[in-house]
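File shown: upload_1.pdb. Contents: PDB, C-alpha atoms.
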```
ATOM      1  CA  MET A1387     203.981 -93.493 106.844  1.00  0.00           C
ATOM      2  CA  LEU A1388     204.006 -89.700 106.353  1.00  0.00           C
ATOM      3  CA  ILE A1389     201.320 -89.286 109.032  1.00  0.00           C
ATOM      4  CA  GLY A1390     203.329 -91.439 111.441  1.00  0.00           C
ATOM      5  CA  CYS A1391     206.518 -89.427 110.860  1.00  0.00           C
ATOM      6  CA  SER A1392     204.662 -86.134 111.311  1.00  0.00           C
ATOM      7  CA  LEU A1393     203.110 -87.355 114.532  1.00  0.00           C
ATOM      8  CA  PHE A1394     206.463 -88.476 115.895  1.00  0.00           C
ATOM      9  CA  LEU A1395     208.050 -85.098 115.090  1.00  0.00           C
ATOM     10  CA  PHE A1396     205.128 -83.333 116.781  1.00  0.00           C
ATOM     11  CA  LEU A1397     205.477 -85.425 119.919  1.00  0.00           C
ATOM     12  CA  GLN A1398     209.243 -84.998 119.879  1.00  0.00           C
ATOM     13  CA  SER A1399     208.807 -81.220 119.766  1.00  0.00           C
ATOM     14  CA  PHE A1400     206.163 -81.309 122.492  1.00  0.00           C
ATOM     15  CA  PHE A1401     208.329 -83.234 124.952  1.00  0.00           C
ATOM     16  CA  LYS A1402     211.267 -80.907 124.347  1.00  0.00           C
ATOM     17  CA  GLN A1403     209.111 -77.849 124.977  1.00  0.00           C
ATOM     18  CA  THR A1404     207.253 -79.075 128.051  1.00  0.00           C
ATOM     19  CA  SER A1405     209.824 -81.144 129.929  1.00  0.00           C
ATOM     20  CA  ASN A1406     211.211 -79.366 132.995  1.00  0.00           C
ATOM     21  CA  THR A1407     213.316 -82.334 134.061  1.00  0.00           C
ATOM     22  CA  SER A1408     215.484 -84.944 132.462  1.00  0.00           C
ATOM     23  CA  VAL A1409     215.686 -88.577 133.473  1.00  0.00           C
ATOM     24  CA  PHE A1410     218.440 -91.124 133.483  1.00  0.00           C
ATOM     25  CA  HIS A1411     217.981 -93.742 130.787  1.00  0.00           C
ATOM     26  CA  VAL A1412     218.616 -97.183 132.206  1.00  0.00           C
ATOM     27  CA  THR A1413     219.296 -98.717 128.786  1.00  0.00           C
ATOM     28  CA  GLU A1414     221.694 -97.506 126.109  1.00  0.00           C
ATOM     29  CA  LYS A1415     219.023 -97.676 123.404  1.00  0.00           C
ATOM     30  CA  PRO A1416     215.213 -98.029 123.306  1.00  0.00           C
ATOM     31  CA  ALA A1417     214.371-101.396 124.876  1.00  0.00           C
ATOM     32  CA  ALA A1418     212.066-102.835 127.526  1.00  0.00           C
ATOM     33  CA  ILE A1419     213.776-103.655 130.814  1.00  0.00           C
ATOM     34  CA  VAL A1420     212.956-107.176 132.005  1.00  0.00           C
ATOM     35  CA  ARG A1421     215.869-107.995 134.308  1.00  0.00           C
ATOM     36  CA  GLY A1422     218.449-106.274 136.457  1.00  0.00           C
ATOM     37  CA  THR A1423     221.894-107.275 137.677  1.00  0.00           C
ATOM     38  CA  HIS A1424     221.259-108.684 141.152  1.00  0.00           C
ATOM     39  CA  GLY A1425     218.618-109.109 143.831  1.00  0.00           C
ATOM     40  CA  SER A1426     214.874-109.143 143.302  1.00  0.00           C
ATOM     41  CA  ALA A1427     212.466-106.284 142.558  1.00  0.00           C
ATOM     42  CA  LEU A1428     208.720-106.360 143.157  1.00  0.00           C
ATOM     43  CA  THR A1429     206.393-104.396 140.878  1.00  0.00           C
ATOM     44  CA  ILE A1430     202.614-104.269 141.231  1.00  0.00           C
ATOM     45  CA  ASN A1431     200.143-103.271 138.513  1.00  0.00           C
ATOM     46  CA  ILE A1432     197.144-101.590 140.147  1.00  0.00           C
ATOM     47  CA  SER A1433     193.888-100.754 138.387  1.00  0.00           C
ATOM     48  CA  PHE A1434     191.379-101.964 140.986  1.00  0.00           C
ATOM     49  CA  GLY A1435     190.716-101.748 144.703  1.00  0.00           C
ATOM     50  CA  ASP A1436     189.664 -99.153 147.231  1.00  0.00           C
ATOM     51  CA  GLU A1437     189.948 -99.601 150.987  1.00  0.00           C
ATOM     52  CA  GLU A1438     191.835-102.890 150.814  1.00  0.00           C
ATOM     53  CA  VAL A1439     194.553-101.289 148.699  1.00  0.00           C
ATOM     54  CA  SER A1440     194.741 -98.248 150.971  1.00  0.00           C
ATOM     55  CA  ASP A1441     194.947-100.472 154.064  1.00  0.00           C
ATOM     56  CA  TRP A1442     197.690-102.547 152.442  1.00  0.00           C
ATOM     57  CA  ILE A1443     199.688 -99.462 151.503  1.00  0.00           C
ATOM     58  CA  GLU A1444     199.462 -98.326 155.121  1.00  0.00           C
ATOM     59  CA  THR A1445     201.332-101.487 156.151  1.00  0.00           C
ATOM     60  CA  LEU A1446     204.176-101.099 153.652  1.00  0.00           C
ATOM     61  CA  ASN A1447     207.674-100.366 154.880  1.00  0.00           C
ATOM     62  CA  ASP A1448     210.848 -99.399 153.061  1.00  0.00           C
ATOM     63  CA  PRO A1449     212.171-100.873 150.776  1.00  0.00           C
ATOM     64  CA  TYR A1450     208.955-100.369 148.862  1.00  0.00           C
ATOM     65  CA  PRO A1451     207.726-102.175 145.755  1.00  0.00           C
ATOM     66  CA  LEU A1452     207.285-100.156 142.575  1.00  0.00           C
ATOM     67  CA  LEU A1453     203.589 -99.421 141.987  1.00  0.00           C
ATOM     68  CA  LEU A1454     202.511 -99.152 138.347  1.00  0.00           C
ATOM     69  CA  LEU A1455     199.246 -97.210 138.525  1.00  0.00           C
ATOM     70  CA  ASP A1456     196.362 -97.098 136.096  1.00  0.00           C
ATOM     71  CA  LEU A1457     195.396 -93.448 135.619  1.00  0.00           C
ATOM     72  CA  ASP A1458     191.635 -93.991 135.919  1.00  0.00           C
ATOM     73  CA  TRP A1459     192.240 -95.739 139.251  1.00  0.00           C
ATOM     74  CA  ALA A1460     194.587 -93.000 140.485  1.00  0.00           C
ATOM     75  CA  GLU A1461     192.061 -90.286 139.616  1.00  0.00           C
ATOM     76  CA  ARG A1462     189.248 -92.177 141.387  1.00  0.00           C
ATOM     77  CA  PHE A1463     191.157 -92.585 144.639  1.00  0.00           C
ATOM     78  CA  PRO A1464     193.095 -89.353 145.323  1.00  0.00           C
ATOM     79  CA  GLU A1465     193.322 -90.067 149.070  1.00  0.00           C
ATOM     80  CA  THR A1466     195.152 -93.326 148.407  1.00  0.00           C
ATOM     81  CA  VAL A1467     197.431 -91.523 145.967  1.00  0.00           C
ATOM     82  CA  GLU A1468     198.167 -88.917 148.634  1.00  0.00           C
ATOM     83  CA  LEU A1469     199.150 -91.729 150.995  1.00  0.00           C
ATOM     84  CA  ILE A1470     201.484 -93.154 148.363  1.00  0.00           C
ATOM     85  CA  ILE A1471     203.069 -89.729 147.863  1.00  0.00           C
ATOM     86  CA  LYS A1472     203.341 -89.135 151.612  1.00  0.00           C
ATOM     87  CA  LYS A1473     205.159 -92.435 152.131  1.00  0.00           C
ATOM     88  CA  LYS A1474     207.390 -91.721 149.106  1.00  0.00           C
ATOM     89  CA  ILE A1475     206.559 -95.042 147.494  1.00  0.00           C
ATOM     90  CA  PRO A1476     207.982 -95.207 143.945  1.00  0.00           C
ATOM     91  CA  VAL A1477     205.352 -95.176 141.220  1.00  0.00           C
ATOM     92  CA  GLY A1478     205.137 -95.496 137.468  1.00  0.00           C
ATOM     93  CA  LEU A1479     202.517 -95.253 134.764  1.00  0.00           C
ATOM     94  CA  LEU A1480     200.523 -98.360 133.838  1.00  0.00           C
ATOM     95  CA  GLY A1481     199.282 -97.925 130.299  1.00  0.00           C
ATOM     96  CA  LEU A1482     196.886 -99.743 128.028  1.00  0.00           C
ATOM     97  CA  GLU A1483     197.687-102.664 125.750  1.00  0.00           C
ATOM     98  CA  GLY A1484     200.661-101.985 123.518  1.00  0.00           C
ATOM     99  CA  LYS A1485     198.585-101.954 120.327  1.00  0.00           C
ATOM    100  CA  ALA A1486     196.580 -98.961 121.595  1.00  0.00           C
ATOM    101  CA  TYR A1487     199.601 -96.716 121.043  1.00  0.00           C
ATOM    102  CA  GLU A1488     199.890 -97.796 117.425  1.00  0.00           C
ATOM    103  CA  ALA A1489     196.295 -96.701 116.835  1.00  0.00           C
ATOM    104  CA  ASP A1490     196.813 -93.314 118.516  1.00  0.00           C
ATOM    105  CA  GLY A1491     200.332 -92.026 119.075  1.00  0.00           C
ATOM    106  CA  ARG A1492     199.053 -89.011 121.025  1.00  0.00           C
ATOM    107  CA  LEU A1493     197.724 -91.350 123.688  1.00  0.00           C
ATOM    108  CA  LEU A1494     201.087 -91.495 125.457  1.00  0.00           C
ATOM    109  CA  LEU A1495     201.337 -87.699 125.475  1.00  0.00           C
ATOM    110  CA  GLN A1496     197.853 -87.438 127.002  1.00  0.00           C
ATOM    111  CA  GLN A1497     198.645 -90.029 129.662  1.00  0.00           C
ATOM    112  CA  VAL A1498     201.902 -88.328 130.607  1.00  0.00           C
ATOM    113  CA  GLU A1499     200.012 -85.051 131.082  1.00  0.00           C
ATOM    114  CA  ARG A1500     197.425 -86.766 133.287  1.00  0.00           C
ATOM    115  CA  TYR A1501     200.202 -88.383 135.311  1.00  0.00           C
ATOM    116  CA  LYS A1502     201.904 -85.004 135.778  1.00  0.00           C
ATOM    117  CA  ALA A1503     198.624 -83.503 137.006  1.00  0.00           C
ATOM    118  CA  ILE A1504     198.429 -86.197 139.692  1.00  0.00           C
ATOM    119  CA  PHE A1505     202.074 -86.461 140.793  1.00  0.00           C
ATOM    120  CA  ASN A1506     203.473 -83.095 139.690  1.00  0.00           C
ATOM    121  CA  GLU A1507     206.269 -84.823 137.787  1.00  0.00           C
ATOM    122  CA  GLU A1508     206.729 -86.939 134.699  1.00  0.00           C
ATOM    123  CA  PRO A1509     206.826 -90.720 135.080  1.00  0.00           C
ATOM    124  CA  LEU A1510     210.176 -92.459 135.232  1.00  0.00           C
ATOM    125  CA  TRP A1511     208.659 -95.881 134.475  1.00  0.00           C
ATOM    126  CA  PHE A1512     206.037 -96.993 131.958  1.00  0.00           C
ATOM    127  CA  ARG A1513     204.537-100.434 131.435  1.00  0.00           C
ATOM    128  CA  THR A1514     201.847-101.434 128.971  1.00  0.00           C
ATOM    129  CA  SER A1515     199.180-103.678 130.457  1.00  0.00           C
ATOM    130  CA  ASP A1516     200.319-106.598 128.273  1.00  0.00           C
ATOM    131  CA  GLU A1517     204.048-105.710 128.412  1.00  0.00           C
ATOM    132  CA  LYS A1518     204.145-105.335 124.625  1.00  0.00           C
ATOM    133  CA  PHE A1519     206.111-102.393 123.220  1.00  0.00           C
ATOM    134  CA  SER A1520     206.226-101.610 119.514  1.00  0.00           C
ATOM    135  CA  SER A1521     209.292 -99.936 117.999  1.00  0.00           C
ATOM    136  CA  PHE A1522     207.201 -96.769 117.600  1.00  0.00           C
ATOM    137  CA  LEU A1523     206.244 -96.771 121.290  1.00  0.00           C
ATOM    138  CA  HIS A1524     209.861 -97.422 122.247  1.00  0.00           C
ATOM    139  CA  SER A1525     210.864 -94.346 120.246  1.00  0.00           C
ATOM    140  CA  LEU A1526     208.237 -92.175 121.942  1.00  0.00           C
ATOM    141  CA  LEU A1527     209.255 -93.340 125.413  1.00  0.00           C
ATOM    142  CA  TRP A1528     212.929 -92.791 124.645  1.00  0.00           C
ATOM    143  CA  GLU A1529     212.288 -89.236 123.461  1.00  0.00           C
ATOM    144  CA  ALA A1530     210.189 -88.580 126.570  1.00  0.00           C
ATOM    145  CA  LYS A1531     213.011 -89.984 128.769  1.00  0.00           C
ATOM    146  CA  ILE A1532     210.700 -92.610 130.233  1.00  0.00           C
ATOM    147  CA  ASN A1533     211.954 -96.149 130.813  1.00  0.00           C
ATOM    148  CA  ALA A1534     209.949 -99.014 129.289  1.00  0.00           C
ATOM    149  CA  LEU A1535     209.589-101.586 132.055  1.00  0.00           C
ATOM    150  CA  GLY A1536     208.598-105.180 131.438  1.00  0.00           C
ATOM    151  CA  SER A1537     209.160-108.012 133.903  1.00  0.00           C
ATOM    152  CA  SER A1538     211.009-111.299 134.256  1.00  0.00           C
ATOM    153  CA  PHE A1539     207.731-113.045 135.036  1.00  0.00           C
ATOM    154  CA  THR A1540     204.238-112.472 136.405  1.00  0.00           C
ATOM    155  CA  TRP A1541     203.330-114.175 139.672  1.00  0.00           C
ATOM    156  CA  ASP A1542     199.649-115.069 139.994  1.00  0.00           C
ATOM    157  CA  GLY A1543     199.837-116.668 143.425  1.00  0.00           C
ATOM    158  CA  GLY A1544     200.465-120.247 144.473  1.00  0.00           C
ATOM    159  CA  ASN A1545     203.953-121.671 144.723  1.00  0.00           C
ATOM    160  CA  ILE A1546     206.727-119.127 144.982  1.00  0.00           C
ATOM    161  CA  PRO A1547     209.469-119.945 142.445  1.00  0.00           C
ATOM    162  CA  PRO A1548     213.163-119.955 143.396  1.00  0.00           C
ATOM    163  CA  MET A1549     214.779-116.552 143.337  1.00  0.00           C
ATOM    164  CA  GLN A1550     216.771-115.593 140.210  1.00  0.00           C
ATOM    165  CA  GLU A1551     219.335-112.819 140.387  1.00  0.00           C
ATOM    166  CA  GLY A1552     218.109-109.559 138.893  1.00  0.00           C
ATOM    167  CA  GLU A1553     214.505-110.703 138.580  1.00  0.00           C
ATOM    168  CA  ILE A1554     211.683-108.187 138.195  1.00  0.00           C
ATOM    169  CA  ILE A1555     208.425-109.731 139.401  1.00  0.00           C
ATOM    170  CA  ALA A1556     205.093-108.329 138.192  1.00  0.00           C
ATOM    171  CA  ILE A1557     201.961-108.755 140.309  1.00  0.00           C
ATOM    172  CA  PRO A1558     198.502-108.065 138.830  1.00  0.00           C
ATOM    173  CA  HIS A1559     195.845-106.295 140.880  1.00  0.00           C
ATOM    174  CA  HIS A1560     192.903-105.793 138.524  1.00  0.00           C
ATOM    175  CA  ARG A1561     189.188-106.440 138.859  1.00  0.00           C
ATOM    176  CA  LYS A1562     189.279-109.791 137.043  1.00  0.00           C
ATOM    177  CA  ASP A1563     192.909-110.699 137.467  1.00  0.00           C
ATOM    178  CA  ARG A1564     194.615-110.125 140.770  1.00  0.00           C
ATOM    179  CA  VAL A1565     196.695-111.632 143.507  1.00  0.00           C
ATOM    180  CA  TYR A1566     194.798-111.188 146.742  1.00  0.00           C
ATOM    181  CA  LEU A1567     196.634-109.129 149.300  1.00  0.00           C
ATOM    182  CA  PRO A1568     197.154-111.938 151.870  1.00  0.00           C
ATOM    183  CA  GLU A1569     198.922-113.904 149.109  1.00  0.00           C
ATOM    184  CA  LEU A1570     201.008-110.860 148.237  1.00  0.00           C
ATOM    185  CA  LYS A1571     201.910-110.448 151.902  1.00  0.00           C
ATOM    186  CA  ARG A1572     203.099-114.071 151.944  1.00  0.00           C
ATOM    187  CA  LEU A1573     205.360-113.413 148.967  1.00  0.00           C
ATOM    188  CA  MET A1574     206.806-110.300 150.579  1.00  0.00           C
ATOM    189  CA  GLU A1575     207.497-112.199 153.793  1.00  0.00           C
ATOM    190  CA  GLU A1576     209.221-115.098 152.031  1.00  0.00           C
ATOM    191  CA  ARG A1577     211.296-113.082 149.574  1.00  0.00           C
ATOM    192  CA  GLU A1578     213.763-110.266 150.272  1.00  0.00           C
ATOM    193  CA  PHE A1579     213.163-107.459 147.798  1.00  0.00           C
ATOM    194  CA  GLN A1580     215.281-104.453 146.837  1.00  0.00           C
ATOM    195  CA  PRO A1581     214.253-101.143 145.245  1.00  0.00           C
ATOM    196  CA  ILE A1582     214.023-101.333 141.460  1.00  0.00           C
ATOM    197  CA  ASP A1583     216.941 -98.926 140.971  1.00  0.00           C
ATOM    198  CA  GLU A1584     219.255-101.051 143.116  1.00  0.00           C
ATOM    199  CA  VAL A1585     218.304-104.220 141.251  1.00  0.00           C
ATOM    200  CA  LEU A1586     219.064-102.490 137.953  1.00  0.00           C
ATOM    201  CA  LEU A1587     222.129-100.429 138.833  1.00  0.00           C
ATOM    202  CA  GLY A1588     223.437-101.714 142.144  1.00  0.00           C
ATOM    203  CA  SER A1589     223.277-100.208 145.621  1.00  0.00           C
ATOM    204  CA  VAL A1590     225.324 -97.141 144.616  1.00  0.00           C
ATOM    205  CA  GLY A1591     223.097 -96.270 141.662  1.00  0.00           C
ATOM    206  CA  LYS A1592     220.016 -94.224 142.481  1.00  0.00           C
ATOM    207  CA  LEU A1593     217.639 -93.273 139.695  1.00  0.00           C
ATOM    208  CA  LYS A1594     216.198 -89.813 140.058  1.00  0.00           C
ATOM    209  CA  LYS A1595     215.097 -86.859 138.030  1.00  0.00           C
ATOM    210  CA  ILE A1596     217.637 -84.094 137.711  1.00  0.00           C
ATOM    211  CA  PRO A1597     217.167 -80.474 136.600  1.00  0.00           C
ATOM    212  CA  ASN A1598     218.160 -79.571 133.075  1.00  0.00           C
ATOM    213  CA  GLU A1599     221.368 -77.611 132.946  1.00  0.00           C
TER     214      GLU A1599
END
```
How does the structure come out when it is put into structure tokens?
Amino acid sequence: MLIGCSLFLFLQSFFKQTSNTSVFHVTEKPAAIVRGTHGSALTINISFGDEEVSDWIETLNDPYPLLLLDLDWAERFPETVELIIKKKIPVGLLGLEGKAYEADGRLLLQQVERYKAIFNEEPLWFRTSDEKFSSFLHSLLWEAKINALGSSFTWDGGNIPPMQEGEIIAIPHHRKDRVYLPELKRLMEEREFQPIDEVLLGSVGKLKKIPNE
């Protein structure tokens, strides 16, 4: 327990010293976001794919889905990342399984630093690969001003369920678990999606990073 408390205080101090921006918290207390207020948001977890992902990103038009990116993937394909940045597609950090952060609390700090090296800013959104968030991880994310993002459900292809107001749909795109891009295109053609911030806060609410005063 003493080690855990010391680690939390260290990370708390680190984020206060290194953060150049602050971020709007979507929730009033540490909690994973799984649903908004209206509309439908599309989020895609990406840890696999080269040219097919790049070609698909080329076809995307605003309003864009939120891309949750695995750091190893992002570092392997910098040209695709540059395309994402150029098109101003919203991105977040896709982490490991939730239990990994219980074993090593510094893991989140390390991943945030890697993310900043790629995108030159801290992530606004974070999702564990299994959408499990311990109370300790919630506390770390809250201190870092990063929103814990779950989903209403994961769509693996096949029949498209009826739309539910405020839904946040997660799509897997991993080596052994993915929705193939033609299937994803079908979903995007049959469903009208809104940006994640509009689904959460309404059309007048725009989430962004703001300078510290």
Inset, instruction - Go through the shown structure with the PyMOL selection byres ((chain A and resi 1537) around 6) and write out the matching residues as number ranges by chain. - result: A: 1420, 1536, 1538-1539, 1554-1556
Inset, instruction - Find the spatial neighbours of segment 1488-1490 of chain A, counting only C-alpha atoms, within a cut-off of 9 Å - ignore same-chain residues fewer than 4 positions away - and output them as a list in words. - result: Gly1484, Leu1494, Ser1520, Phe1522 and Leu1523 of chain A
Inset, instruction - List the residues selected by the PyMOL selection byres ((chain A and resi 1477) around 8) in the file shown, writing them as a ChimeraX atom specification. - result: /A:1452-1455,1475-1476,1478-1479,1509,1511
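For the residues A:Pro1449, A:Gly1543, A:Gly1422, A:Pro1416, ranking by smallest atom-to-atom distance to His1559 of chain A using only C-alpha atoms places A:Gly1543 first.
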Mind giving me the axis-aligned box for segment 1445-1453 of chain A with 4 Å on every side, centre plus edges in Å to one decimal, as lines of an AutoDock Vina configuration file?
```
center_x = 206.8
center_y = -100.8
center_z = 149.1
size_x = 18.8
size_y = 10.8
size_z = 22.2
```
Inset, instruction - Would you mind telling me which residue in A:Val1585, A:Val1412, A:Met1549, A:Leu1457 lies nearest to Glu1499 of chain A when using all atoms listed in the file? - result: A:Leu1457
Legend entry - Residue neighbourhood Asp1456 of chain A, 12 Å, all atoms listed in the file, exclusion window fewer than 3 positions, as a PyMOL selection string: chain A and resi 1430-1435+1453+1459-1463+1467+1477-1483+1497-1498+1500-1501+1504+1512-1515+1558-1560
Go ahead and find all residues with at least one atom no further than 12 Å from (211.9, -111.1, 151.8) in the file's coordinates, using only C-alpha atoms; report them as an mmCIF file with C-alpha atoms, in the frame of the given file.
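Now in out.cif:
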```
data_model
loop_
_atom_site.group_PDB
_atom_site.id
_atom_site.type_symbol
_atom_site.label_atom_id
_atom_site.label_comp_id
_atom_site.auth_asym_id
_atom_site.auth_seq_id
_atom_site.Cartn_x
_atom_site.Cartn_y
_atom_site.Cartn_z
ATOM 1 C CA GLY A 1425 218.618 -109.109 143.831
ATOM 2 C CA SER A 1426 214.874 -109.143 143.302
ATOM 3 C CA ALA A 1427 212.466 -106.284 142.558
ATOM 4 C CA LEU A 1428 208.720 -106.360 143.157
ATOM 5 C CA ASN A 1447 207.674 -100.366 154.880
ATOM 6 C CA ASP A 1448 210.848 -99.399 153.061
ATOM 7 C CA PRO A 1449 212.171 -100.873 150.776
ATOM 8 C CA TYR A 1450 208.955 -100.369 148.862
ATOM 9 C CA PRO A 1451 207.726 -102.175 145.755
ATOM 10 C CA ILE A 1546 206.727 -119.127 144.982
ATOM 11 C CA MET A 1549 214.779 -116.552 143.337
ATOM 12 C CA LEU A 1570 201.008 -110.860 148.237
ATOM 13 C CA LYS A 1571 201.910 -110.448 151.902
ATOM 14 C CA ARG A 1572 203.099 -114.071 151.944
ATOM 15 C CA LEU A 1573 205.360 -113.413 148.967
ATOM 16 C CA MET A 1574 206.806 -110.300 150.579
ATOM 17 C CA GLU A 1575 207.497 -112.199 153.793
ATOM 18 C CA GLU A 1576 209.221 -115.098 152.031
ATOM 19 C CA ARG A 1577 211.296 -113.082 149.574
ATOM 20 C CA GLU A 1578 213.763 -110.266 150.272
ATOM 21 C CA PHE A 1579 213.163 -107.459 147.798
ATOM 22 C CA GLN A 1580 215.281 -104.453 146.837
#
```
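For the pair atom CA of Leu1446 of chain A and atom CA of Tyr1566 of chain A, the separation is 15.4 Å.
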Legend entry - d(atom CA of Ala1418 of chain A, atom CA of Lys1474 of chain A) in Å: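 A separation of 24.7 Å between them.
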Inset, instruction - Output the residue selection produced by the PyMOL selection byres ((chain A and resi 1542) around 9) on the file above, formatted as a list of chain:residue names. - result: A:Thr1540, A:Trp1541, A:Gly1543, A:Gly1544, A:Ala1556, A:Ile1557, A:Pro1558, A:Asp1563, A:Arg1564, A:Val1565
Legend entry - Nearest-residue call for Trp1442 of chain A, choices A:Thr1423, A:Thr1429, A:Thr1466, A:Ser1521, using only C-alpha atoms: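 Checking each candidate against Trp1442 of chain A, we get A:Thr1466 as the closest.
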Inset, instruction - Calculate how many Å separate atom CA of Leu1586 of chain A from atom CA of Glu1414 of chain A, rounding to one decimal. - result: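 Distance between the two atoms: 13.1 Å.
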Inset, instruction - Using all atoms listed in the file, pick whichever of A:Glu1553, A:Glu1569, A:Asp1516, A:Glu1529 has the shortest atom-to-atom distance to Pro1581 of chain A. - result: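 Of A:Glu1553, A:Glu1569, A:Asp1516, A:Glu1529, the one nearest Pro1581 of chain A is A:Glu1553, counting all atoms listed in the file.
The shortest atom-to-atom distance to Ala1486 of chain A, with only C-alpha atoms taken into account, belongs to A:Phe1519 out of A:Phe1519, A:Ser1525, A:Ile1443, A:Leu1510.
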